[in-house]
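Listing of data.csv; format and content: CSV, C-alpha atoms and all ligand atoms.
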chain,number,residue,atom,x,y,z
A,395,MET,CA,0.0,0.0,0.0
A,396,LYS,CA,1.1,3.5,-0.8
A,397,LYS,CA,2.5,5.4,2.2
A,398,MET,CA,1.0,8.7,2.9
A,399,LYS,CA,2.7,10.9,5.5
A,400,VAL,CA,1.9,14.5,6.5
A,401,PHE,CA,4.5,16.4,8.4
A,402,LEU,CA,2.9,19.3,10.3
A,403,ASP,CA,4.5,22.4,11.8
A,404,LEU,CA,2.9,23.5,15.1
A,405,ASP,CA,3.4,27.2,15.9
A,406,GLY,CA,1.6,29.4,13.3
A,407,THR,CA,0.2,26.4,11.5
A,408,LEU,CA,-1.9,24.2,13.8
A,409,HIS,CA,-2.6,27.3,16.0
A,410,ASP,CA,-2.1,31.0,15.7
A,411,SER,CA,0.8,31.2,18.2
A,412,HIS,CA,1.5,34.8,17.3
A,413,SER,CA,-1.9,36.3,18.2
A,414,PHE,CA,-1.9,34.3,21.4
A,415,TRP,CA,1.5,35.4,22.3
A,416,PHE,CA,0.7,39.0,21.7
A,417,LYS,CA,-2.4,38.9,23.9
A,418,ALA,CA,-0.8,36.9,26.7
A,419,SER,CA,2.4,38.9,26.8
A,420,LYS,CA,0.5,42.2,26.9
A,421,THR,CA,-1.4,41.0,29.9
A,422,ALA,CA,1.8,39.7,31.5
A,423,VAL,CA,3.6,43.0,31.0
A,424,ASN,CA,0.7,45.0,32.5
A,425,ALA,CA,0.7,42.7,35.5
A,426,MET,CA,4.4,43.1,36.0
A,427,LEU,CA,4.0,46.9,35.8
A,428,ALA,CA,1.2,46.8,38.3
A,429,ASN,CA,3.4,44.8,40.7
A,430,GLY,CA,6.4,47.2,40.8
A,431,LEU,CA,8.0,47.1,37.4
A,432,ASP,CA,6.5,50.6,36.7
A,433,GLN,CA,9.2,52.1,38.8
A,434,TYR,CA,11.7,51.2,36.1
A,435,SER,CA,9.7,51.2,32.8
A,436,ASP,CA,6.6,52.0,30.9
A,437,PHE,CA,4.5,49.6,28.9
A,438,ASN,CA,6.0,50.3,25.5
A,439,LYS,CA,9.6,50.0,26.6
A,440,ALA,CA,8.9,46.8,28.6
A,441,PHE,CA,6.9,45.2,25.8
A,442,GLY,CA,9.5,46.1,23.2
A,443,LYS,CA,12.3,44.5,25.3
A,444,LEU,CA,10.2,41.4,25.8
A,445,GLU,CA,9.7,41.0,22.1
A,446,GLU,CA,13.5,41.3,21.7
A,447,ILE,CA,14.1,38.7,24.3
A,448,TYR,CA,11.6,36.3,22.8
A,449,SER,CA,13.1,36.7,19.3
A,450,ARG,CA,16.4,35.8,20.8
A,451,GLU,CA,15.3,32.8,22.9
A,452,ALA,CA,11.9,31.6,22.0
A,453,ASN,CA,11.9,28.7,24.5
A,454,SER,CA,13.5,30.1,27.6
A,455,ALA,CA,11.7,29.6,30.9
A,456,GLU,CA,13.2,32.7,32.2
A,457,HIS,CA,11.9,35.4,29.9
A,458,TYR,CA,10.6,37.6,32.7
A,459,ASP,CA,13.8,37.3,34.7
A,460,LEU,CA,15.7,38.4,31.6
A,461,LEU,CA,13.2,41.3,31.2
A,462,VAL,CA,13.8,42.5,34.7
A,463,LYS,CA,17.5,42.3,34.2
A,464,ALA,CA,17.2,44.4,31.0
A,465,LEU,CA,15.0,47.1,32.6
A,466,VAL,CA,16.4,47.5,36.0
A,467,PRO,CA,20.0,49.0,36.2
A,468,LEU,CA,22.5,46.7,37.9
A,469,ALA,CA,23.0,49.2,40.8
A,470,LYS,CA,19.3,49.0,41.7
A,471,ARG,CA,19.2,45.2,41.4
A,472,ARG,CA,21.7,44.5,44.2
A,473,GLY,CA,20.2,42.8,47.2
A,474,LYS,CA,16.7,43.0,45.8
A,475,SER,CA,14.4,40.2,44.8
A,476,PHE,CA,12.1,40.7,41.9
A,477,ASP,CA,10.0,37.5,42.5
A,478,LYS,CA,6.8,39.4,43.1
A,479,ILE,CA,7.1,41.0,39.6
A,480,VAL,CA,8.3,37.9,37.8
A,481,SER,CA,5.7,35.6,39.2
A,482,ALA,CA,2.9,38.2,38.5
A,483,GLY,CA,4.0,38.0,34.8
A,484,VAL,CA,4.2,34.2,34.8
A,485,ASN,CA,0.7,34.0,36.3
A,486,ALA,CA,-0.9,36.5,34.1
A,487,PHE,CA,0.5,34.7,31.0
A,488,LYS,CA,-0.8,31.4,32.2
A,489,GLU,CA,-4.2,32.8,32.9
A,490,VAL,CA,-4.6,33.8,29.3
A,491,LYS,CA,-3.3,30.5,28.1
A,492,HIS,CA,-5.8,28.6,30.3
A,493,ASP,CA,-8.9,30.9,29.7
A,494,GLY,CA,-10.2,28.4,27.2
A,495,GLU,CA,-10.5,31.0,24.5
A,496,SER,CA,-7.1,32.4,23.5
A,497,PHE,CA,-5.1,29.2,23.0
A,498,LYS,CA,-6.9,27.0,20.5
A,499,PRO,CA,-6.3,25.2,17.2
A,500,ASN,CA,-6.8,27.1,13.9
A,501,PRO,CA,-10.2,26.6,12.2
A,502,HIS,CA,-10.7,23.2,10.6
A,503,VAL,CA,-7.5,21.7,12.1
A,504,VAL,CA,-9.4,19.1,14.2
A,505,ASP,CA,-11.5,18.2,11.3
A,506,PHE,CA,-8.5,17.7,9.1
A,507,LEU,CA,-6.6,15.6,11.6
A,508,THR,CA,-9.6,13.4,12.3
A,509,TRP,CA,-10.1,12.9,8.6
A,510,ALA,CA,-6.4,12.2,7.9
A,511,LYS,CA,-6.3,9.5,10.7
A,512,ALA,CA,-9.5,7.9,9.5
A,513,ASN,CA,-8.1,7.7,5.9
A,514,GLY,CA,-4.7,6.1,6.6
A,515,VAL,CA,-2.6,9.3,6.5
A,516,GLU,CA,0.2,9.2,9.0
A,517,LEU,CA,0.6,12.4,11.0
A,518,PHE,CA,3.9,13.7,12.3
A,519,LEU,CA,4.6,16.9,14.2
A,520,VAL,CA,7.8,18.5,12.9
A,521,THR,CA,8.5,21.5,15.1
A,522,SER,CA,11.0,23.8,16.4
A,523,GLY,CA,11.4,23.9,20.2
A,524,ILE,CA,11.9,22.0,23.4
A,525,ARG,CA,10.1,18.6,23.2
A,526,ARG,CA,8.3,19.0,26.6
A,527,LYS,CA,7.0,22.5,25.7
A,528,GLN,CA,5.7,21.4,22.4
A,529,TRP,CA,3.9,18.5,24.0
A,530,ASP,CA,2.5,20.9,26.6
A,531,LYS,CA,1.0,22.9,23.7
A,532,LEU,CA,-0.5,19.8,22.1
A,533,HIS,CA,-2.3,18.9,25.3
A,534,ARG,CA,-3.5,22.5,25.8
A,535,LEU,CA,-4.8,22.6,22.2
A,536,GLY,CA,-6.6,19.3,22.7
A,537,LEU,CA,-4.5,17.7,19.9
A,538,SER,CA,-2.3,15.3,21.8
A,539,ASP,CA,-4.4,12.2,20.8
A,540,PHE,CA,-3.6,12.7,17.2
A,541,PHE,CA,0.1,12.1,17.7
A,542,ASP,CA,2.1,9.2,19.1
A,543,GLU,CA,5.2,10.0,21.1
A,544,GLU,CA,7.6,8.9,18.3
A,545,HIS,CA,5.6,11.0,15.8
A,546,VAL,CA,6.7,14.2,17.4
A,547,LEU,CA,10.1,15.4,16.1
A,548,THR,CA,11.5,18.6,17.6
A,549,THR,CA,14.7,20.5,16.9
A,550,GLY,CA,15.3,20.3,20.6
A,551,ASP,CA,15.8,16.5,20.2
A,552,VAL,CA,18.8,17.0,18.1
A,553,GLY,CA,20.0,20.5,19.0
A,554,PHE,CA,21.7,21.6,15.8
A,555,PHE,CA,23.5,24.8,16.7
A,556,LYS,CA,21.9,27.8,15.0
A,557,GLY,CA,24.7,30.2,14.1
A,558,ILE,CA,26.2,30.3,17.5
A,559,SER,CA,29.9,30.5,17.4
A,560,ARG,CA,31.8,27.6,19.0
A,561,TYR,CA,33.5,30.1,21.3
A,562,VAL,CA,30.1,31.1,22.8
A,563,ARG,CA,28.5,27.7,23.1
A,564,PRO,CA,30.2,26.7,26.4
A,565,LEU,CA,28.8,29.9,27.9
A,566,VAL,CA,25.2,29.1,27.1
A,567,ARG,CA,23.5,27.3,29.9
A,568,ARG,CA,20.0,26.8,28.5
A,569,PRO,CA,19.4,24.0,25.9
A,570,LEU,CA,20.2,25.1,22.4
A,571,ILE,CA,17.3,25.0,20.0
A,572,GLY,CA,18.3,24.2,16.5
A,573,LEU,CA,17.0,25.5,13.2
A,574,LYS,CA,14.6,23.6,11.1
A,575,ASN,CA,17.2,23.4,8.3
A,576,HIS,CA,17.9,20.7,5.7
A,577,LEU,CA,20.0,18.8,8.2
A,578,PHE,CA,17.0,18.6,10.5
A,579,TYR,CA,14.7,17.3,7.7
A,580,GLY,CA,17.3,14.7,6.9
A,581,TYR,CA,17.2,13.6,10.5
A,582,VAL,CA,13.3,13.5,10.5
A,583,LEU,CA,13.2,11.4,7.3
A,584,ARG,CA,15.7,8.9,8.8
A,585,LYS,CA,14.0,8.8,12.2
A,586,THR,CA,10.6,8.2,10.7
A,587,LYS,CA,11.9,5.8,8.0
A,588,SER,CA,10.2,8.0,5.4
A,589,LYS,CA,11.0,8.4,1.7
A,590,PRO,CA,10.6,12.0,0.6
A,591,GLU,CA,8.1,11.1,-2.1
A,592,ASP,CA,5.7,9.7,0.6
A,593,VAL,CA,5.7,13.0,2.5
A,594,LEU,CA,3.8,16.3,2.4
A,595,MET,CA,5.1,19.0,4.7
A,596,VAL,CA,2.7,21.8,5.9
A,597,GLY,CA,4.1,24.9,7.4
A,598,ASP,CA,3.7,28.7,7.7
A,599,ASN,CA,7.4,29.7,7.5
A,600,GLU,CA,9.1,29.7,4.1
A,601,LYS,CA,12.6,29.6,5.5
A,602,ASN,CA,12.0,26.8,8.1
A,603,ASP,CA,9.2,24.7,6.6
A,604,ILE,CA,9.3,25.1,2.8
A,605,ILE,CA,12.8,25.7,1.5
A,606,PRO,CA,14.7,23.1,3.6
A,607,ALA,CA,12.0,20.4,3.0
A,608,ASN,CA,12.0,21.1,-0.7
A,609,LYS,CA,15.8,20.6,-0.6
A,610,ARG,CA,15.2,17.1,0.7
A,611,GLY,CA,12.7,16.3,-2.1
A,612,ILE,CA,9.6,16.6,0.1
A,613,SER,CA,6.5,18.2,-1.4
A,614,THR,CA,5.3,21.2,0.6
A,615,ILE,CA,2.2,23.2,1.4
A,616,ARG,CA,2.9,26.8,2.4
A,617,PHE,CA,0.3,27.8,4.9
A,618,PHE,CA,-0.6,31.4,4.6
A,619,ALA,CA,-2.1,32.6,7.9
A,620,GLY,CA,-1.1,34.5,11.1
A,621,LYS,CA,2.3,36.1,11.3
A,622,TYR,CA,3.5,35.0,7.9
A,623,GLY,CA,0.1,35.2,6.3
A,624,ASN,CA,0.9,37.9,3.8
A,625,HIS,CA,-0.6,36.7,0.5
A,626,GLU,CA,1.6,38.8,-1.6
A,627,VAL,CA,4.7,36.9,-0.6
A,628,ASN,CA,5.8,34.4,-3.2
A,629,THR,CA,6.4,30.8,-2.1
A,630,MET,CA,8.6,28.0,-3.3
A,631,GLY,CA,6.0,25.6,-1.9
A,632,THR,CA,4.6,22.9,-4.1
A,633,TYR,CA,1.1,24.1,-3.0
A,634,SER,CA,-0.3,26.9,-0.9
A,635,ALA,CA,-3.3,27.1,1.4
A,636,THR,CA,-4.9,29.7,3.6
A,637,ASN,CA,-6.9,27.3,5.9
A,638,PHE,CA,-7.2,23.7,6.8
A,639,LYS,CA,-10.2,23.0,4.5
A,640,GLU,CA,-7.8,23.8,1.6
A,641,VAL,CA,-5.0,21.7,3.2
A,642,LYS,CA,-7.4,18.7,3.3
A,643,GLN,CA,-8.3,19.2,-0.4
A,644,ILE,CA,-4.6,19.4,-1.4
A,645,VAL,CA,-3.7,16.3,0.7
A,646,LYS,CA,-6.6,14.4,-0.9
A,647,ARG,CA,-5.4,15.4,-4.4
A,648,HIS,CA,-1.8,14.9,-3.8
A,649,PHE,CA,-2.2,11.3,-2.5
A,650,GLU,CA,-5.1,10.6,-4.9
A,651,LEU,CA,-7.4,9.7,-2.1
A,701,MG,MG,5.5,27.8,12.3

Representation of the structure as structure tokens:
Amino acid sequence: MKKMKVFLDLDGTLHDSHSFWFKASKTAVNAMLANGLDQYSDFNKAFGKLEEIYSREANSAEHYDLLVKALVPLAKRRGKSFDKIVSAGVNAFKEVKHDGESFKPNPHVVDFLTWAKANGVELFLVTSGIRRKQWDKLHRLGLSDFFDEEHVLTTGDVGFFKGISRYVRPLVRRPLIGLKNHLFYGYVLRKTKSKPEDVLMVGDNEKNDIIPANKRGISTIRFFAGKYGNHEVNTMGTYSATNFKEVKQIVKRHFEL
């Protein structure tokens, strides 16, 4: 029987991670300001710094500690604890995440996954980040039942260094998260015992999901939504879709289902 495998990106594809992050982070920064951070910063400065920190280390558990460090001068930090501020931020973020409204799958995702499973399409999550964190998101999104443990492949599993000089590496304490580059897709193909021609990759990021997968001979669907949803941007993807109804149609056609 013909093998049919779909590799799925998580953030920005199965859910609108950017909109959620924006909402939760705004709430968190406001909570931190209300708990004493306002002595050192206003909202715009704090939020801008937080965006900067996130873009540098998307998976750190210590974003708010880093934020306090960035906003409070060293001389004023001595002998002080900022736990009230940091935990206020952490709690506010979690509250938004757990409000049952803000953190949910994109439209038609559940329908697509259910249909794929019922029709013999194997589903894999091919994602950038720390494994435990990505599983946490799958549970929170209510999507964990669609994926077996070994069907979730994260860059955190392999830790390819992303442009970090070897002189700096020993100084970095947190786990290094690799890029979804062609090396990673090679690893994923080997690990899942997949031939490129049996696979369709779906992702919202041209650089991480489309180009390196193409390079491995994998057919791709560029998902235009959320942060990278600008329809004017060209894609190297084999196909493109703007929602999961379209993804389903493409998968159907591609595998002649
Ligand atoms: Mg993505």

Please build the interface table for chain A against ligand MG 701 (chain A) with a cut-off of 12 Å, listing for each qualifying residue the nearest atom pair and the distance in Å to one decimal; count all atoms listed in the file, order rows by chain and increasing number, and write it as JSON lines.
{"residue": "A:Leu402", "atom": "CA", "partner": "A:MG701", "partner_atom": "MG", "distance": 9.1}
{"residue": "A:Asp403", "atom": "CA", "partner": "A:MG701", "partner_atom": "MG", "distance": 5.5}
{"residue": "A:Leu404", "atom": "CA", "partner": "A:MG701", "partner_atom": "MG", "distance": 5.8}
{"residue": "A:Asp405", "atom": "CA", "partner": "A:MG701", "partner_atom": "MG", "distance": 4.2}
{"residue": "A:Gly406", "atom": "CA", "partner": "A:MG701", "partner_atom": "MG", "distance": 4.3}
{"residue": "A:Thr407", "atom": "CA", "partner": "A:MG701", "partner_atom": "MG", "distance": 5.5}
{"residue": "A:Leu408", "atom": "CA", "partner": "A:MG701", "partner_atom": "MG", "distance": 8.4}
{"residue": "A:His409", "atom": "CA", "partner": "A:MG701", "partner_atom": "MG", "distance": 8.9}
{"residue": "A:Asp410", "atom": "CA", "partner": "A:MG701", "partner_atom": "MG", "distance": 8.9}
{"residue": "A:Ser411", "atom": "CA", "partner": "A:MG701", "partner_atom": "MG", "distance": 8.3}
{"residue": "A:His412", "atom": "CA", "partner": "A:MG701", "partner_atom": "MG", "distance": 9.5}
{"residue": "A:Leu519", "atom": "CA", "partner": "A:MG701", "partner_atom": "MG", "distance": 11.1}
{"residue": "A:Val520", "atom": "CA", "partner": "A:MG701", "partner_atom": "MG", "distance": 9.6}
{"residue": "A:Thr521", "atom": "CA", "partner": "A:MG701", "partner_atom": "MG", "distance": 7.5}
{"residue": "A:Ser522", "atom": "CA", "partner": "A:MG701", "partner_atom": "MG", "distance": 7.9}
{"residue": "A:Gly523", "atom": "CA", "partner": "A:MG701", "partner_atom": "MG", "distance": 10.6}
{"residue": "A:Gln528", "atom": "CA", "partner": "A:MG701", "partner_atom": "MG", "distance": 12.0}
{"residue": "A:Leu573", "atom": "CA", "partner": "A:MG701", "partner_atom": "MG", "distance": 11.8}
{"residue": "A:Lys574", "atom": "CA", "partner": "A:MG701", "partner_atom": "MG", "distance": 10.1}
{"residue": "A:Met595", "atom": "CA", "partner": "A:MG701", "partner_atom": "MG", "distance": 11.6}
{"residue": "A:Val596", "atom": "CA", "partner": "A:MG701", "partner_atom": "MG", "distance": 9.2}
{"residue": "A:Gly597", "atom": "CA", "partner": "A:MG701", "partner_atom": "MG", "distance": 5.9}
{"residue": "A:Asp598", "atom": "CA", "partner": "A:MG701", "partner_atom": "MG", "distance": 5.0}
{"residue": "A:Asn599", "atom": "CA", "partner": "A:MG701", "partner_atom": "MG", "distance": 5.5}
{"residue": "A:Glu600", "atom": "CA", "partner": "A:MG701", "partner_atom": "MG", "distance": 9.2}
{"residue": "A:Lys601", "atom": "CA", "partner": "A:MG701", "partner_atom": "MG", "distance": 10.0}
{"residue": "A:Asn602", "atom": "CA", "partner": "A:MG701", "partner_atom": "MG", "distance": 7.8}
{"residue": "A:Asp603", "atom": "CA", "partner": "A:MG701", "partner_atom": "MG", "distance": 7.5}
{"residue": "A:Ile604", "atom": "CA", "partner": "A:MG701", "partner_atom": "MG", "distance": 10.6}
{"residue": "A:Arg616", "atom": "CA", "partner": "A:MG701", "partner_atom": "MG", "distance": 10.3}
{"residue": "A:Phe617", "atom": "CA", "partner": "A:MG701", "partner_atom": "MG", "distance": 9.0}
{"residue": "A:Phe618", "atom": "CA", "partner": "A:MG701", "partner_atom": "MG", "distance": 10.5}
{"residue": "A:Ala619", "atom": "CA", "partner": "A:MG701", "partner_atom": "MG", "distance": 10.0}
{"residue": "A:Gly620", "atom": "CA", "partner": "A:MG701", "partner_atom": "MG", "distance": 9.5}
{"residue": "A:Lys621", "atom": "CA", "partner": "A:MG701", "partner_atom": "MG", "distance": 9.0}
{"residue": "A:Tyr622", "atom": "CA", "partner": "A:MG701", "partner_atom": "MG", "distance": 8.7}
{"residue": "A:Gly623", "atom": "CA", "partner": "A:MG701", "partner_atom": "MG", "distance": 11.0}

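Our summary of the geometry notes that CA of Gly580 (chain A) is positioned 7.0 Å from CA of Arg610 (chain A).
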
Which residues are near region 421-429 of chain A? Cut-off 9 Å, all atoms listed in the file, ignore same chain within fewer than 5 positions. Put them as a ChimeraX atom specification. /A:416,434-437,440-441,444,458,478-488,490

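Note that CA of Ile612 (chain A) and CA of Tyr633 (chain A) are 11.8 Å apart.
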
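CA of Glu591 (chain A) to CA of Leu577 (chain A) spans 17.5 Å [interatomic distance, one decimal].
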
Within 12 Å of region 505-507 of chain A, counting only C-alpha atoms, which residues qualify if same-chain residues fewer than 6 places away don't, as a PyMOL selection string? chain A and resi 400-402+408+499+513-519+536-541+637-646

Same residues, C-alpha atoms, output as a PDB file, in the frame of the given file:
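And here is the file that came out, part05.pdb:
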ATOM      1  CA  VAL A 400       1.900  14.500   6.500  1.00  0.00           C
ATOM      2  CA  PHE A 401       4.500  16.400   8.400  1.00  0.00           C
ATOM      3  CA  LEU A 402       2.900  19.300  10.300  1.00  0.00           C
ATOM      4  CA  LEU A 408      -1.900  24.200  13.800  1.00  0.00           C
ATOM      5  CA  PRO A 499      -6.300  25.200  17.200  1.00  0.00           C
ATOM      6  CA  ASN A 513      -8.100   7.700   5.900  1.00  0.00           C
ATOM      7  CA  GLY A 514      -4.700   6.100   6.600  1.00  0.00           C
ATOM      8  CA  VAL A 515      -2.600   9.300   6.500  1.00  0.00           C
ATOM      9  CA  GLU A 516       0.200   9.200   9.000  1.00  0.00           C
ATOM     10  CA  LEU A 517       0.600  12.400  11.000  1.00  0.00           C
ATOM     11  CA  PHE A 518       3.900  13.700  12.300  1.00  0.00           C
ATOM     12  CA  LEU A 519       4.600  16.900  14.200  1.00  0.00           C
ATOM     13  CA  GLY A 536      -6.600  19.300  22.700  1.00  0.00           C
ATOM     14  CA  LEU A 537      -4.500  17.700  19.900  1.00  0.00           C
ATOM     15  CA  SER A 538      -2.300  15.300  21.800  1.00  0.00           C
ATOM     16  CA  ASP A 539      -4.400  12.200  20.800  1.00  0.00           C
ATOM     17  CA  PHE A 540      -3.600  12.700  17.200  1.00  0.00           C
ATOM     18  CA  PHE A 541       0.100  12.100  17.700  1.00  0.00           C
ATOM     19  CA  ASN A 637      -6.900  27.300   5.900  1.00  0.00           C
ATOM     20  CA  PHE A 638      -7.200  23.700   6.800  1.00  0.00           C
ATOM     21  CA  LYS A 639     -10.200  23.000   4.500  1.00  0.00           C
ATOM     22  CA  GLU A 640      -7.800  23.800   1.600  1.00  0.00           C
ATOM     23  CA  VAL A 641      -5.000  21.700   3.200  1.00  0.00           C
ATOM     24  CA  LYS A 642      -7.400  18.700   3.300  1.00  0.00           C
ATOM     25  CA  GLN A 643      -8.300  19.200  -0.400  1.00  0.00           C
ATOM     26  CA  ILE A 644      -4.600  19.400  -1.400  1.00  0.00           C
ATOM     27  CA  VAL A 645      -3.700  16.300   0.700  1.00  0.00           C
ATOM     28  CA  LYS A 646      -6.600  14.400  -0.900  1.00  0.00           C
TER      29      LYS A 646
END

Of A:Thr548, A:Glu451, A:Asp542, A:Lys491, the one nearest to Lys527 (chain A) when counting all atoms listed in the file is A:Thr548

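Nearest residue to Lys470 (chain A) among A:Asn608, A:Thr586, A:Thr614, A:Gln433 is A:Gln433, counting all atoms listed in the file.
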
Return the padded bounding box of region 635-649 of chain A as JSON: axis-aligned, built from all atoms listed in the file, 8 Å added on each side, with centre and edge lengths in Å to one decimal.
{"center_x": -6.0, "center_y": 20.5, "center_z": 1.2, "size_x": 24.4, "size_y": 34.4, "size_z": 27.2}

Can you pull out every residue within 9 Å of Phe476 (chain A), counting all atoms listed in the file, but drop anything in the same chain fewer than 5 positions away, and send it as a ChimeraX atom specification? /A:430-431,459,462,471,481

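Using only C-alpha atoms, the smallest distance between any of A:Lys439, A:Glu489, A:Arg450, A:Leu594 and Val466 (chain A) comes from A:Lys439.
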
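Between Leu532 (chain A) and the candidates A:Thr632, A:Gly550, A:Phe497, A:His502, the tightest atom-to-atom separation, counting all atoms listed in the file, involves A:Phe497.
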